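Enquirer: Below you will find the structure I want to go over with you.
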Amino acid sequence: MQNTPSRAPEGKSRISPGFPNYTAVCFIIISIVLSPARGFAVSSAYIDCRTATVTVVSDDPLSRQDKGRFTAGDGAGRKILYGYPGAPWSSFTTLNIEAPVNTLTVYGSSAGAWQVNPYDTFDENGNSMNTSTWAYSGIHVRQDLSIIKNPDTQSRYDTIRIRYAVENRNTFTAQVGLRIMLDTQANGNDASPVYTSSSGLVSQEEKFTGAAVPDYWYTQDDPVSPTVIAEGYLNSAGATTPDMLIIGQWDYMNEGVNIWDYEVHAQAITDSAVAVFYDPALIAAETTDTIIAYFGIADMSGANLSISKDANVASANYGDTISYNIVYSDNSAYSLTSLSIWDTLPWNSGFVDASPGYTLSGSVLSWSLPDLPNSSNAYSLWVRVKASPQGESLTNTAYGAYTDTHWNTRQIRHSGEVNVALPSFTPTQTFTSSPTFTITPTMTITQTPTVSPTFTPVPPALVFKMEGNFPNPGAAYTNFLFTLTRDAAIQVRIYTISGEFIIQKQGYFNAGRDYIRWDLKNLNGRDVASGTYLYKISASTDRGEKAEATGKFAVVR
C-alpha cells in the first residue's frame, strides 16, 4: 500500500483547485437491478451502492429515505449498511462549520439547498459514479460515489470511492470539518462486530484519536465463519488521515443526536456504527478542500481458516465408537499464526482417543498447532468417542482460533454442526421379550417383591457436577452441561462481567447427564453483544438438597 497524505493541521489551509481529490467508502456488493425513480445504483459485478433521489418521511424505517444519502449491499442482496436496498437514511455525513457560521448540519438537510440533484455519470477514469452538490451558507459540498478496484488487492471492482469536495464560495476564509457516519449491518446483523488493525474486536464504544487512529477497520456478520466482511481504509491507498475514529452504538450517534464532541459509553454495543471525523480546518476563499476515506470488501485481504468436520457414520447404537475427522487449511494470500483447534465432546459420549498432541480439559478437547502458510495444503485431526445410552443423537462442532497476520486480529471459525443419530431408548421392551424371565417354573411371584426393596430404600444424596458449557465461545447458542445423581430443578442465571443480570433459564431434569440451552438473547429477546459473561447454576431437589457452581464463558458474534 502507498503512503497516505495527512490533512493539514487545524488552523492551516488545505487548498486544492477544483475537485482533484476524492473521498471513498468501499463495500462488498454485486450488481442489482436499479430501483425506479427513487434511487440510483452505482454497481459492478461485486458491489452495489444506492443513493436516494427523493426524501420519503416514514415511521417505517424500511421505507424512509433522505435525498443524497446512500446505502449498500452485495451481489447476493445482503446488506452492508442498514436500509439496503431501498431506505438510505441512517448513514450520513455531518458538516461542522465553525466559520462563517457556527453550526452542525447534515449533508442534504433542509437547512441548506440542493445545487445539483443526485445523478449517474462517470468519474475521471470512466468508472460508474453518482454525484450531487448541496450548499449551506456559502459552503458548497460535492459528493461523488464511484467504483474503483479494491485498494488492497487491486484485483476487482468491489470498492466505492466517495469524494466530498468542500468549496468555500465566500469572500473570506471558512473553517469546515466532516464526519462520515456508517450504520454497519453486515448481512443484516445490526450488531455486526467491528475490529481494528490495532486493537482487534471492539466490544464496547471506543474512541481513537491522533496517532492512535488505526490504519484499517472491518466488520463481519458472524465472527465464527463469516459470509460478509466489509473493511475500511483510514491511512492507506491515498486516504486522508482522520483526526478521530469512533466505533460505537448507532443510537448515540444518529442525526437526532448529531454530537461532534462525542464521549463514549461504557456499555456493550448492540447496534454497531462507525464514525470517521475530520476536524474543522481552514479553507481560503474560492478554494476547495477534499477528504479521502474507504470502506469496502475484504477481497481475500486477510488470512482465512477453512475448517470442516464429518463423522464416519450417520447413525450409531449405544456403546458404539464414532470417529470424527477435522480438516483445516488456509487458502488465502496471507499466513495465520497461533492456531488452536478445539472440539467440545458430545455430552452423551465418552472420550476414547484422538490425534497426538491433544489436551483434554473436562469435555473440551484441544490442539495447539503450527502456523499455517498461505497455501492450499489441507491438514487433518481425528477424535473417537463412545456413545452413551442417553439422548437421541451425538451433536458437536469443531472450532479454530488464529491470528490473522494481515489484520493482526484474533479470528474464530467453525466447522458446522455434526449430528450422529442414536436409536430410540426402549431397553425395557428388549428385556421383557427375553424368555429367561418366564420359562423357569421354580420362580414364584413372592420372590420378586423381596428383591425390589433393595433398589429404593434410601435414595442417593444429591451430587451435582457442573461440566462447563459448549460451544465456548458461543456464536448462536451455548449449552450448560451438568450431571445429577437425583432428579432436580436446575436454574442458570447469566450476568455481564460487571455483574449486570441478563437472563435466567430453568427446568426440571432427571438424574443423569443433561444440559440446559441458552440462545444468547436477553430478557427483551435481543442478541447479547460479544464479550465475556458470568453464570451461576444451581440445583435443588424435593428433599431440600441444594448445590451450585459458577463460571464464565465467551460470546463471539
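Chains: A, B, ... in order of the C-alpha cells. Residues: from 1 per chain. Ligands: from 1, in order shown.
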List the spatial neighbours of Ala354 (chain A) as an NGL selection string - criterion: any atom at most 10 Å away, only C-alpha atoms, same-chain residues fewer than 6 positions off excluded.
Expert: :A and (323-325 or 360 or 365-366 or 381-385)
Enquirer: Looking only at the backbone, which of the residues in region 228-415 of chain A does DSSP tag as strand (DSSP E or B), as an MDAnalysis selection string?
Expert: chainID A and resid 229:233 241 244:249 268 272:283 287:291 294:297 305:311 315 321:330 336:344 349:354 358:361 364:369 372 378:387 393:396 398:404 409:414
Enquirer: Between CA of Asn408 (chain A) and CA of Ala303 (chain A), what is the spacing in Å?
Expert: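 Separating CA of Ala303 (chain A) from CA of Asn408 (chain A) is a distance of 9.8 Å.
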Enquirer: For Ala488 (chain A), which residue out of A:Tyr82, A:Trp89, A:Phe464, A:Tyr294 is the nearest one, using only C-alpha atoms?
Expert: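 Among the listed residues, the smallest separation from Ala488 (chain A) belongs to A:Phe464.
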Enquirer: Which parts of region 231-318 of chain A does DSSP call alpha helix (DSSP H) when run on the backbone here, written out as a VMD selection string?
Expert: chain A and resid 250 to 253
Enquirer: Grab the CA of Ile291 (chain A) to CA of Ile80 (chain A) distance for me, in Å with one decimal place.
Expert: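 Result for CA of Ile291 (chain A) versus CA of Ile80 (chain A): 22.2 Å, one decimal.
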Enquirer: Residues at most 12 Å from Ser498 (chain A), counting only C-alpha atoms, excluding those fewer than 5 positions away in the same chain, as a ChimeraX atom specification?
Expert: /A:266-268,531-535,552
Enquirer: Can I get the selected residues back with C-alpha atoms, as a PDB file, in the first residue's frame?
Expert:
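Now in out_30.pdb:
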ATOM      1  CA  ALA A 266     -19.177   2.150  28.865  1.00  0.00           C
ATOM      2  CA  GLN A 267     -21.603  -0.497  27.658  1.00  0.00           C
ATOM      3  CA  ALA A 268     -21.789  -3.300  25.141  1.00  0.00           C
ATOM      4  CA  GLY A 531     -17.815 -10.415  25.266  1.00  0.00           C
ATOM      5  CA  THR A 532     -17.224 -12.365  28.463  1.00  0.00           C
ATOM      6  CA  TYR A 533     -20.180 -13.397  30.640  1.00  0.00           C
ATOM      7  CA  LEU A 534     -20.596 -14.969  34.074  1.00  0.00           C
ATOM      8  CA  TYR A 535     -23.045 -17.719  35.031  1.00  0.00           C
ATOM      9  CA  LYS A 552     -17.528 -17.686  32.894  1.00  0.00           C
TER      10      LYS A 552
END
Enquirer: Fewer than 4 positions away in the same chain doesn't count, so skip those; otherwise give me all residues within 7 Å of Ala87 (chain A), counting only C-alpha atoms, as a VMD selection string.
Expert: chain A and resid 62 to 65 83
Enquirer: For Leu369 (chain A), which residue among A:Pro473, A:Pro346, A:Gly248, A:Gly400 is the nearest when counting only C-alpha atoms?
Expert: A:Gly400
